[in-house]
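Participant: Handing over run19.cif, mmCIF, C-alpha atoms.
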```cif
data_protein
#
loop_
_atom_site.group_PDB
_atom_site.id
_atom_site.type_symbol
_atom_site.label_atom_id
_atom_site.label_comp_id
_atom_site.auth_asym_id
_atom_site.auth_seq_id
_atom_site.Cartn_x
_atom_site.Cartn_y
_atom_site.Cartn_z
ATOM 1 C CA MET C 1 102.958 78.595 87.310
ATOM 2 C CA LEU C 2 99.354 79.366 88.314
ATOM 3 C CA PHE C 3 98.090 76.462 90.433
ATOM 4 C CA TYR C 4 94.680 77.670 91.627
ATOM 5 C CA LYS C 5 92.448 80.724 91.289
ATOM 6 C CA ASP C 6 89.077 81.813 92.620
ATOM 7 C CA GLU C 7 87.385 85.040 93.742
ATOM 8 C CA VAL C 8 89.572 85.221 96.868
ATOM 9 C CA CYS C 9 92.984 83.973 95.874
ATOM 10 C CA GLU C 10 95.607 83.266 93.241
ATOM 11 C CA VAL C 11 98.037 80.481 94.135
ATOM 12 C CA TYR C 12 101.330 79.814 92.334
ATOM 13 C CA ASN C 13 103.497 76.713 92.453
ATOM 14 C CA GLN C 14 107.024 78.087 92.244
ATOM 15 C CA ASP C 15 109.791 79.814 94.192
ATOM 16 C CA PHE C 16 108.602 83.222 95.403
ATOM 17 C CA GLN C 17 111.853 84.943 94.440
ATOM 18 C CA SER C 18 111.082 84.440 90.740
ATOM 19 C CA LEU C 19 107.630 86.013 91.030
ATOM 20 C CA ILE C 20 107.442 88.559 93.818
ATOM 21 C CA ASP C 21 108.582 91.548 91.741
ATOM 22 C CA ASN C 22 105.955 90.867 89.070
ATOM 23 C CA ILE C 23 102.788 90.812 91.189
ATOM 24 C CA LYS C 24 100.869 93.529 93.002
ATOM 25 C CA PHE C 25 99.872 93.301 96.653
ATOM 26 C CA ASP C 26 99.552 95.510 99.728
ATOM 27 C CA PHE C 27 101.051 93.440 102.551
ATOM 28 C CA ILE C 28 102.999 90.258 103.201
ATOM 29 C CA ILE C 29 101.902 88.027 106.082
ATOM 30 C CA THR C 30 103.870 84.802 106.405
ATOM 31 C CA ASP C 31 105.680 82.312 108.584
ATOM 32 C CA PRO C 32 108.767 81.387 106.583
ATOM 33 C CA PRO C 33 110.675 78.122 106.968
ATOM 34 C CA TYR C 34 112.185 78.415 110.435
ATOM 35 C CA ASN C 35 115.604 77.130 109.384
ATOM 36 C CA ILE C 36 115.618 74.480 112.106
ATOM 37 C CA ASN C 37 115.481 71.391 109.867
ATOM 38 C CA TYR C 38 111.772 71.011 110.598
ATOM 39 C CA LYS C 39 110.131 67.945 109.054
ATOM 40 C CA TYR C 40 107.243 68.979 106.811
ATOM 41 C CA LEU C 41 104.667 66.881 104.958
ATOM 42 C CA ASP C 42 106.906 67.190 101.895
ATOM 43 C CA VAL C 43 110.063 65.411 103.040
ATOM 44 C CA ASN C 44 112.051 67.152 100.315
ATOM 45 C CA PHE C 45 111.056 70.620 101.527
ATOM 46 C CA LYS C 46 114.214 72.443 102.575
ATOM 47 C CA ASP C 47 114.273 73.917 106.067
ATOM 48 C CA LYS C 48 117.990 74.088 106.665
ATOM 49 C CA TYR C 49 119.984 76.885 105.061
ATOM 50 C CA THR C 50 123.288 78.454 105.901
ATOM 51 C CA ASN C 51 122.887 81.741 107.743
ATOM 52 C CA GLU C 52 123.986 83.586 104.621
ATOM 53 C CA GLU C 53 121.404 81.780 102.448
ATOM 54 C CA TYR C 54 118.638 82.367 104.970
ATOM 55 C CA VAL C 55 119.363 86.079 105.325
ATOM 56 C CA GLU C 56 119.531 86.453 101.547
ATOM 57 C CA MET C 57 116.144 84.757 101.154
ATOM 58 C CA LEU C 58 114.438 86.901 103.794
ATOM 59 C CA ALA C 59 116.020 90.064 102.388
ATOM 60 C CA TYR C 60 113.723 89.733 99.359
ATOM 61 C CA LEU C 61 110.929 90.921 101.660
ATOM 62 C CA ASN C 62 112.778 94.043 102.770
ATOM 63 C CA GLU C 63 111.066 96.606 100.521
ATOM 64 C CA TYR C 64 107.518 95.485 101.330
ATOM 65 C CA LYS C 65 105.134 95.928 104.250
ATOM 66 C CA THR C 66 105.831 92.610 105.917
ATOM 67 C CA ILE C 67 104.524 90.795 108.978
ATOM 68 C CA LEU C 68 106.538 87.722 110.020
ATOM 69 C CA ILE C 69 105.702 84.944 112.478
ATOM 70 C CA HIS C 70 108.875 83.370 113.857
ATOM 71 C CA TYR C 71 110.748 82.456 117.005
ATOM 72 C CA PRO C 72 112.129 85.403 119.012
ATOM 73 C CA GLU C 73 115.756 84.316 118.584
ATOM 74 C CA ALA C 74 115.419 84.769 114.826
ATOM 75 C CA PHE C 75 114.235 88.354 115.242
ATOM 76 C CA CYS C 76 117.469 89.039 117.116
ATOM 77 C CA GLY C 77 119.575 87.222 114.508
ATOM 78 C CA ASP C 78 118.933 86.414 110.856
ATOM 79 C CA ILE C 79 115.727 88.423 110.545
ATOM 80 C CA ALA C 80 117.440 91.494 111.980
ATOM 81 C CA CYS C 81 120.249 91.040 109.454
ATOM 82 C CA ALA C 82 117.768 90.769 106.591
ATOM 83 C CA LEU C 83 115.048 93.243 107.552
ATOM 84 C CA GLY C 84 116.411 95.344 110.404
ATOM 85 C CA VAL C 85 114.546 96.233 113.585
ATOM 86 C CA PRO C 86 110.778 95.590 113.504
ATOM 87 C CA ASP C 87 108.389 98.494 113.928
ATOM 88 C CA LYS C 88 106.387 96.382 116.391
ATOM 89 C CA LEU C 89 106.688 92.995 118.105
ATOM 90 C CA VAL C 90 103.886 90.943 119.628
ATOM 91 C CA SER C 91 104.270 87.757 121.685
ATOM 92 C CA TRP C 92 102.014 84.852 120.731
ATOM 93 C CA CYS C 93 101.935 82.389 123.647
ATOM 94 C CA TYR C 94 100.399 78.925 123.664
ATOM 95 C CA SER C 95 100.369 75.752 125.715
ATOM 96 C CA SER C 96 101.931 72.683 124.130
ATOM 97 C CA ASN C 97 104.341 69.830 124.736
ATOM 98 C CA LEU C 98 106.995 71.661 122.726
ATOM 99 C CA ALA C 99 110.093 73.123 124.313
ATOM 100 C CA LYS C 100 109.199 76.526 122.858
ATOM 101 C CA GLN C 101 105.960 77.967 124.242
ATOM 102 C CA HIS C 102 105.740 81.196 122.261
ATOM 103 C CA ARG C 103 106.634 82.906 119.013
ATOM 104 C CA SER C 104 106.982 86.531 118.043
ATOM 105 C CA ILE C 105 105.078 88.433 115.390
ATOM 106 C CA GLY C 106 107.019 91.299 113.849
ATOM 107 C CA TRP C 107 105.835 94.196 111.696
ATOM 108 C CA PHE C 108 108.282 95.723 109.194
ATOM 109 C CA GLY C 109 107.407 98.877 107.255
ATOM 110 C CA CYS C 110 103.984 98.978 108.919
ATOM 111 C CA LYS C 111 102.361 98.886 112.344
ATOM 112 C CA PRO C 112 99.255 97.280 113.856
ATOM 113 C CA ASN C 113 96.439 99.444 115.197
ATOM 114 C CA PHE C 114 95.503 97.800 118.489
ATOM 115 C CA ASN C 115 92.241 99.737 118.638
ATOM 116 C CA LYS C 116 90.875 97.724 115.703
ATOM 117 C CA VAL C 117 90.471 94.542 117.769
ATOM 118 C CA LYS C 118 88.801 94.657 121.166
ATOM 119 C CA GLN C 119 88.996 92.396 124.203
ATOM 120 C CA PRO C 120 86.515 92.211 127.118
ATOM 121 C CA TYR C 121 87.080 94.641 129.967
ATOM 122 C CA LYS C 122 88.805 92.874 132.849
ATOM 123 C CA ASP C 123 87.057 94.800 135.609
ATOM 124 C CA LEU C 124 83.349 95.080 134.902
ATOM 125 C CA LYS C 125 82.796 96.842 138.258
ATOM 126 C CA ASP C 126 85.090 99.737 137.344
ATOM 127 C CA PRO C 127 82.849 102.833 136.938
ATOM 128 C CA ARG C 128 84.895 103.948 133.938
ATOM 129 C CA ASN C 129 84.312 100.651 132.159
ATOM 130 C CA ILE C 130 80.637 100.667 133.079
ATOM 131 C CA GLU C 131 80.281 104.100 131.520
ATOM 132 C CA LEU C 132 82.151 103.061 128.374
ATOM 133 C CA ILE C 133 79.917 100.001 127.952
ATOM 134 C CA LYS C 134 76.829 102.219 128.344
ATOM 135 C CA LYS C 135 78.151 104.347 125.505
ATOM 136 C CA GLY C 136 78.430 101.280 123.266
ATOM 137 C CA SER C 137 82.060 100.280 123.747
ATOM 138 C CA LYS C 138 82.759 96.662 122.726
ATOM 139 C CA GLY C 139 85.801 96.315 124.984
ATOM 140 C CA ALA C 140 89.345 97.497 125.582
ATOM 141 C CA ARG C 141 92.091 97.714 123.004
ATOM 142 C CA ILE C 142 93.953 94.455 122.585
ATOM 143 C CA TYR C 143 97.382 94.030 124.185
ATOM 144 C CA ASP C 144 100.671 92.966 122.610
ATOM 145 C CA TRP C 145 100.685 89.632 124.504
ATOM 146 C CA TRP C 146 98.332 87.056 122.985
ATOM 147 C CA SER C 147 97.603 83.894 124.948
ATOM 148 C CA ASP C 148 94.028 83.264 123.785
ATOM 149 C CA ILE C 149 94.923 81.559 120.474
ATOM 150 C CA GLN C 150 96.328 78.043 120.666
ATOM 151 C CA LEU C 151 98.274 75.918 118.219
ATOM 152 C CA VAL C 152 96.306 73.792 115.761
ATOM 153 C CA LYS C 153 96.103 70.471 117.612
ATOM 154 C CA ARG C 154 95.502 67.006 116.139
ATOM 155 C CA ASN C 155 91.873 66.925 117.262
ATOM 156 C CA SER C 156 91.076 70.373 115.871
ATOM 157 C CA THR C 157 88.520 70.605 113.066
ATOM 158 C CA GLU C 158 90.986 73.012 111.437
ATOM 159 C CA LYS C 159 93.756 70.406 111.294
ATOM 160 C CA CYS C 160 94.941 69.507 107.808
ATOM 161 C CA LYS C 161 95.716 65.794 107.637
ATOM 162 C CA ASN C 162 99.437 65.014 107.919
ATOM 163 C CA PHE C 163 100.420 68.696 107.633
ATOM 164 C CA THR C 164 102.602 69.977 110.454
ATOM 165 C CA ASN C 165 103.178 73.489 111.748
ATOM 166 C CA GLN C 166 99.835 74.964 110.685
ATOM 167 C CA ILE C 167 99.313 78.593 111.667
ATOM 168 C CA PRO C 168 95.850 79.076 113.231
ATOM 169 C CA ILE C 169 93.375 80.889 111.005
ATOM 170 C CA LYS C 170 92.254 82.966 113.988
ATOM 171 C CA LEU C 171 95.812 84.243 114.491
ATOM 172 C CA LEU C 172 96.061 85.343 110.862
ATOM 173 C CA GLU C 173 92.621 86.963 111.063
ATOM 174 C CA ARG C 174 93.754 89.040 114.032
ATOM 175 C CA ILE C 175 96.917 90.195 112.265
ATOM 176 C CA ILE C 176 94.860 91.059 109.186
ATOM 177 C CA LEU C 177 92.273 93.035 111.154
ATOM 178 C CA LEU C 178 94.925 94.947 113.102
ATOM 179 C CA THR C 179 96.974 95.878 110.051
ATOM 180 C CA THR C 180 95.035 95.920 106.789
ATOM 181 C CA ASN C 181 91.802 97.235 105.292
ATOM 182 C CA GLU C 182 88.966 95.457 103.528
ATOM 183 C CA GLY C 183 89.822 94.870 99.896
ATOM 184 C CA ASP C 184 93.586 94.784 100.474
ATOM 185 C CA THR C 185 95.624 92.039 98.816
ATOM 186 C CA ILE C 186 97.902 90.005 101.073
ATOM 187 C CA LEU C 187 100.774 87.854 99.862
ATOM 188 C CA ASP C 188 102.079 84.728 101.564
ATOM 189 C CA PRO C 189 105.313 83.695 99.794
ATOM 190 C CA PHE C 190 105.444 80.494 101.912
ATOM 191 C CA PHE C 191 101.814 79.476 101.464
ATOM 192 C CA GLY C 192 102.051 75.953 102.888
ATOM 193 C CA SER C 193 98.591 74.456 103.414
ATOM 194 C CA GLY C 194 96.917 77.802 102.791
ATOM 195 C CA SER C 195 95.664 79.070 106.150
ATOM 196 C CA LEU C 196 95.944 82.648 104.868
ATOM 197 C CA TYR C 197 93.353 81.861 102.197
ATOM 198 C CA PHE C 198 90.691 81.147 104.809
ATOM 199 C CA ALA C 199 91.684 84.135 106.955
ATOM 200 C CA CYS C 200 91.405 86.469 103.949
ATOM 201 C CA LYS C 201 88.087 84.968 102.902
ATOM 202 C CA ASN C 202 86.701 85.479 106.408
ATOM 203 C CA THR C 203 87.849 89.116 106.571
ATOM 204 C CA ASN C 204 86.989 90.240 103.032
ATOM 205 C CA ARG C 205 90.574 90.523 101.789
ATOM 206 C CA LYS C 206 92.271 89.155 98.685
ATOM 207 C CA CYS C 207 95.133 86.700 98.847
ATOM 208 C CA ILE C 208 98.104 85.636 96.740
ATOM 209 C CA GLY C 209 99.889 82.454 97.714
ATOM 210 C CA ILE C 210 103.248 81.213 96.472
ATOM 211 C CA GLU C 211 104.440 77.741 97.414
ATOM 212 C CA GLN C 212 107.205 75.688 95.833
ATOM 213 C CA SER C 213 105.964 72.328 97.159
ATOM 214 C CA LYS C 214 103.252 70.650 95.090
ATOM 215 C CA ILE C 215 102.588 68.297 98.011
ATOM 216 C CA HIS C 216 101.793 71.232 100.285
ATOM 217 C CA LEU C 217 99.501 72.756 97.664
ATOM 218 C CA ASP C 218 97.650 69.457 97.331
ATOM 219 C CA ALA C 219 97.079 69.684 101.094
ATOM 220 C CA PHE C 220 95.601 73.147 100.546
ATOM 221 C CA LEU C 221 93.221 71.744 97.917
ATOM 222 C CA SER C 222 92.122 69.058 100.361
ATOM 223 C CA ARG C 223 91.159 71.793 102.829
ATOM 224 C CA LEU C 224 88.978 73.438 100.207
#
```
Translate this structure into structure tokens?

Facilitator:
Amino acid sequence: MLFYKDEVCEVYNQDFQSLIDNIKFDFIITDPPYNINYKYLDVNFKDKYTNEEYVEMLAYLNEYKTILIHYPEAFCGDIACALGVPDKLVSWCYSSNLAKQHRSIGWFGCKPNFNKVKQPYKDLKDPRNIELIKKGSKGARIYDWWSDIQLVKRNSTEKCKNFTNQIPIKLLERIILLTTNEGDTILDPFFGSGSLYFACKNTNRKCIGIEQSKIHLDAFLSRL
């Protein structure tokens, strides 16, 4: 069922498995339920499957160009069973009071181009860097270890009231810029509070969101 539509995005309130084969898109970027019995804003939202159920759900993404955000153990376990070995893995590290201080980002059926996003040169006295800057270089290629993007904290202006486990818009923007082109359509089959919408809007991409929880979609509308 179509829940929301504008010039950037179409959002559907249903299970993604019933819709994914009937829509057109270029990439999937998503952080699926982590299968750790996480407590979401919607208390009825299921985040505890059997291993067989979880693998079967993720396997729906197998034939598409997919980028997943998840904990590293999952990439060695259920994700590997569902999607195989990723074409590329990046570590996203952050400071928090959580036991886990980093997650992995995995590319399946596609790869990031690290030359598309630059970072400042570390040694500005290096003659090679000085010469590159003179020639107009904006910085060095980004690495595969990201520690400059933090979790969305309670005091962040980005924080959606009462919604937990928000993915930072800046993180999604970086994945988008590394992987896709302007005008591409990106699907998030676990849309949540809609961070991908804002990342696509900021990078001139289109977005399709699918979310089975009406409560989570109402949180997305509140962000608009």

Participant: Which residue gives the smallest distance to Ile20 in chain C among C:Asn35, C:Asn129, C:Ser147, C:Asn62, with only C-alpha atoms counted?

Facilitator: C:Asn62

Participant: Measuring between all atoms listed in the file, which one of C:Leu187, C:Leu171, C:Ile215, C:Val55 shows the shortest distance to Tyr94 in chain C?

Facilitator: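 Answer, going by the shortest atom-to-atom distance: C:Leu171.
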
Participant: Please, what distance in Å, to one decimal, runs between CA of Ile79 in chain C and CA of Val8 in chain C?

Facilitator: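 Computing the Euclidean distance for CA of Ile79 in chain C and CA of Val8 in chain C yields 29.7 Å.
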
Participant: Could you list the residues chosen by the PyMOL selection byres ((chain C and resi 104-109) around 9) in this structure as a list in words?

Facilitator: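 With the shown file as input, the PyMOL selection byres ((chain C and resi 104-109) around 9) matches Asn62, Glu63, Tyr64, Lys65, Thr66, Ile67, Leu68, Ile69, His70, Tyr71, Pro72, Phe75, Leu83, Gly84, Val85, Pro86, Asp87, Lys88, Leu89, Val90, Ser91, Trp92, Cys93, His102, Arg103, Cys110, Lys111, Pro112 and Ile175 of chain C.
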
Participant: Starting from the shown file, work through the PyMOL selection byres ((chain C and resi 178) around 6) and note down what comes out as a list in words.

Facilitator: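 Against this file, the PyMOL selection byres ((chain C and resi 178) around 6) returns the residues Pro112, Asn113, Lys116, Ile175, Ile176, Leu177 and Thr179 of chain C.
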
Participant: Distance cut-off 12 Å, centre (109.4, 68.0, 102.7) in file coordinates, counting all atoms listed in the file: which residues qualify? Return them as a VMD selection string.

Facilitator: chain C and resid 33 37 to 48 162 to 164 192 212 to 216

Participant: What does the distance from CA of Ala74 in chain C to CA of Leu217 in chain C come to in Å, to one decimal?

Facilitator: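 According to the coordinates, CA of Ala74 in chain C and CA of Leu217 in chain C are separated by 26.3 Å.
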
Participant: Would you mind telling me which residue in C:Val11, C:Asp6, C:Leu172, C:Tyr60 lies nearest to Asp218 in chain C when using only C-alpha atoms?

Facilitator: C:Val11

Participant: On this structure, which residues satisfy the PyMOL selection byres ((chain C and resi 200) around 10), written as a VMD selection string?

Facilitator: chain C and resid 8 to 9 169 172 to 173 176 to 177 182 to 186 195 to 199 201 to 208

Participant: Just give me the gap between CA of Asn181 in chain C and CA of Val152 in chain C in Å, one decimal is fine.

Facilitator: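 According to the coordinates, CA of Asn181 in chain C and CA of Val152 in chain C are separated by 26.1 Å.
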
Participant: Give me, as a PyMOL selection string, all polymer residues having an atom no more than 12 Å from Lys153 in chain C, counting all atoms listed in the file and skipping those fewer than 4 positions away in the same chain.

Facilitator: chain C and resi 94-97+149+157-168

Participant: Only C-alpha atoms, please: the residues just picked out, written as a compact mmCIF listing (two decimals), keeping the file's coordinate frame.

Facilitator:
```
# COMPACT_ATOMS: atom_id res chain seq x y z
CA TYR C 94 100.40 78.92 123.66
CA SER C 95 100.37 75.75 125.72
CA SER C 96 101.93 72.68 124.13
CA ASN C 97 104.34 69.83 124.74
CA ILE C 149 94.92 81.56 120.47
CA THR C 157 88.52 70.60 113.07
CA GLU C 158 90.99 73.01 111.44
CA LYS C 159 93.76 70.41 111.29
CA CYS C 160 94.94 69.51 107.81
CA LYS C 161 95.72 65.79 107.64
CA ASN C 162 99.44 65.01 107.92
CA PHE C 163 100.42 68.70 107.63
CA THR C 164 102.60 69.98 110.45
CA ASN C 165 103.18 73.49 111.75
CA GLN C 166 99.84 74.96 110.68
CA ILE C 167 99.31 78.59 111.67
CA PRO C 168 95.85 79.08 113.23
```

Participant: Using all atoms listed in the file for the distances, tell me which of C:Ile133, C:Val117, C:Leu221, C:Leu58 is nearest to Ala80 in chain C.

Facilitator: C:Leu58

Participant: I'd like to know which of C:Asp148, C:Ile36, C:Met1, C:Glu10 is closest to Lys24 in chain C, using only C-alpha atoms.

Facilitator: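 Closest residue, counting only C-alpha atoms: C:Glu10.
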
Participant: Around the point (99.2, 98.0, 122.3) in the file's coordinates, collect all residues with an atom within 6 Å, using all atoms listed in the file, and return them as a list in words.

Facilitator: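 The residues near that point, listed by chain and number, are Phe114, Tyr143 and Asp144 of chain C.
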
Participant: Go through C:Leu224, C:Met57, C:Leu98, C:Ile142 one by one, measure the shortest atom-to-atom distance of each to Lys118 in chain C using only C-alpha atoms, and give the residue with the smallest value.

Facilitator: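 Nearest to Lys118 in chain C: C:Ile142.
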
Participant: Could you add whatever atoms are missing so that range 185-214 of chain C carries N, CA and C atoms, then write the result as a CSV table (one decimal), in the coordinates of the input?

Facilitator:
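Printed below is part_0.csv as written:
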```csv
chain,number,residue,atom,x,y,z
C,185,THR,N,95.1,93.3,99.3
C,185,THR,CA,95.6,92.0,98.8
C,185,THR,C,96.8,91.7,99.7
C,186,ILE,N,96.8,90.5,100.2
C,186,ILE,CA,97.9,90.0,101.1
C,186,ILE,C,98.6,88.8,100.4
C,187,LEU,N,99.9,88.9,100.4
C,187,LEU,CA,100.8,87.9,99.9
C,187,LEU,C,101.4,87.0,101.0
C,188,ASP,N,101.3,85.7,100.7
C,188,ASP,CA,102.1,84.7,101.6
C,188,ASP,C,103.0,84.0,100.6
C,189,PRO,N,104.3,84.3,100.7
C,189,PRO,CA,105.3,83.7,99.8
C,189,PRO,C,105.7,82.3,100.2
C,190,PHE,N,105.2,81.9,101.4
C,190,PHE,CA,105.4,80.5,101.9
C,190,PHE,C,104.1,79.9,102.3
C,191,PHE,N,103.2,79.7,101.3
C,191,PHE,CA,101.8,79.5,101.5
C,191,PHE,C,101.5,78.2,102.2
C,192,GLY,N,102.3,77.2,102.1
C,192,GLY,CA,102.1,76.0,102.9
C,192,GLY,C,100.7,75.3,102.6
C,193,SER,N,99.9,75.1,103.6
C,193,SER,CA,98.6,74.5,103.4
C,193,SER,C,97.5,75.5,103.3
C,194,GLY,N,97.9,76.8,103.2
C,194,GLY,CA,96.9,77.8,102.8
C,194,GLY,C,96.0,78.4,103.9
C,195,SER,N,96.5,78.5,105.1
C,195,SER,CA,95.7,79.1,106.2
C,195,SER,C,95.3,80.5,105.8
C,196,LEU,N,96.2,81.2,105.2
C,196,LEU,CA,95.9,82.6,104.9
C,196,LEU,C,94.7,82.8,103.9
C,197,TYR,N,94.5,81.8,103.1
C,197,TYR,CA,93.4,81.9,102.2
C,197,TYR,C,92.1,82.0,103.0
C,198,PHE,N,91.9,81.2,104.0
C,198,PHE,CA,90.7,81.1,104.8
C,198,PHE,C,90.6,82.4,105.7
C,199,ALA,N,91.7,82.9,106.2
C,199,ALA,CA,91.7,84.1,107.0
C,199,ALA,C,91.3,85.3,106.1
C,200,CYS,N,91.8,85.4,104.9
C,200,CYS,CA,91.4,86.5,103.9
C,200,CYS,C,89.9,86.4,103.5
C,201,LYS,N,89.5,85.2,103.3
C,201,LYS,CA,88.1,85.0,102.9
C,201,LYS,C,87.2,85.4,104.0
C,202,ASN,N,87.5,85.1,105.3
C,202,ASN,CA,86.7,85.5,106.4
C,202,ASN,C,86.7,87.0,106.7
C,203,THR,N,87.7,87.7,106.2
C,203,THR,CA,87.8,89.1,106.6
C,203,THR,C,87.7,90.0,105.4
C,204,ASN,N,87.3,89.5,104.2
C,204,ASN,CA,87.0,90.2,103.0
C,204,ASN,C,88.3,90.9,102.5
C,205,ARG,N,89.3,90.1,102.4
C,205,ARG,CA,90.6,90.5,101.8
C,205,ARG,C,90.9,89.6,100.6
C,206,LYS,N,91.8,90.0,99.8
C,206,LYS,CA,92.3,89.2,98.7
C,206,LYS,C,93.6,88.5,99.1
C,207,CYS,N,93.9,87.4,98.4
C,207,CYS,CA,95.1,86.7,98.8
C,207,CYS,C,95.9,86.2,97.6
C,208,ILE,N,97.2,86.3,97.7
C,208,ILE,CA,98.1,85.6,96.7
C,208,ILE,C,99.0,84.7,97.5
C,209,GLY,N,99.0,83.4,97.1
C,209,GLY,CA,99.9,82.5,97.7
C,209,GLY,C,100.9,81.9,96.8
C,210,ILE,N,102.2,81.8,97.3
C,210,ILE,CA,103.2,81.2,96.5
C,210,ILE,C,103.8,80.1,97.3
C,211,GLU,N,103.9,78.9,96.7
C,211,GLU,CA,104.4,77.7,97.4
C,211,GLU,C,105.2,76.9,96.4
C,212,GLN,N,106.4,76.5,96.8
C,212,GLN,CA,107.2,75.7,95.8
C,212,GLN,C,106.9,74.2,95.9
C,213,SER,N,106.2,73.8,97.0
C,213,SER,CA,106.0,72.3,97.2
C,213,SER,C,104.6,72.0,96.6
C,214,LYS,N,104.5,71.1,95.6
C,214,LYS,CA,103.3,70.6,95.1
C,214,LYS,C,102.5,69.8,96.1
```
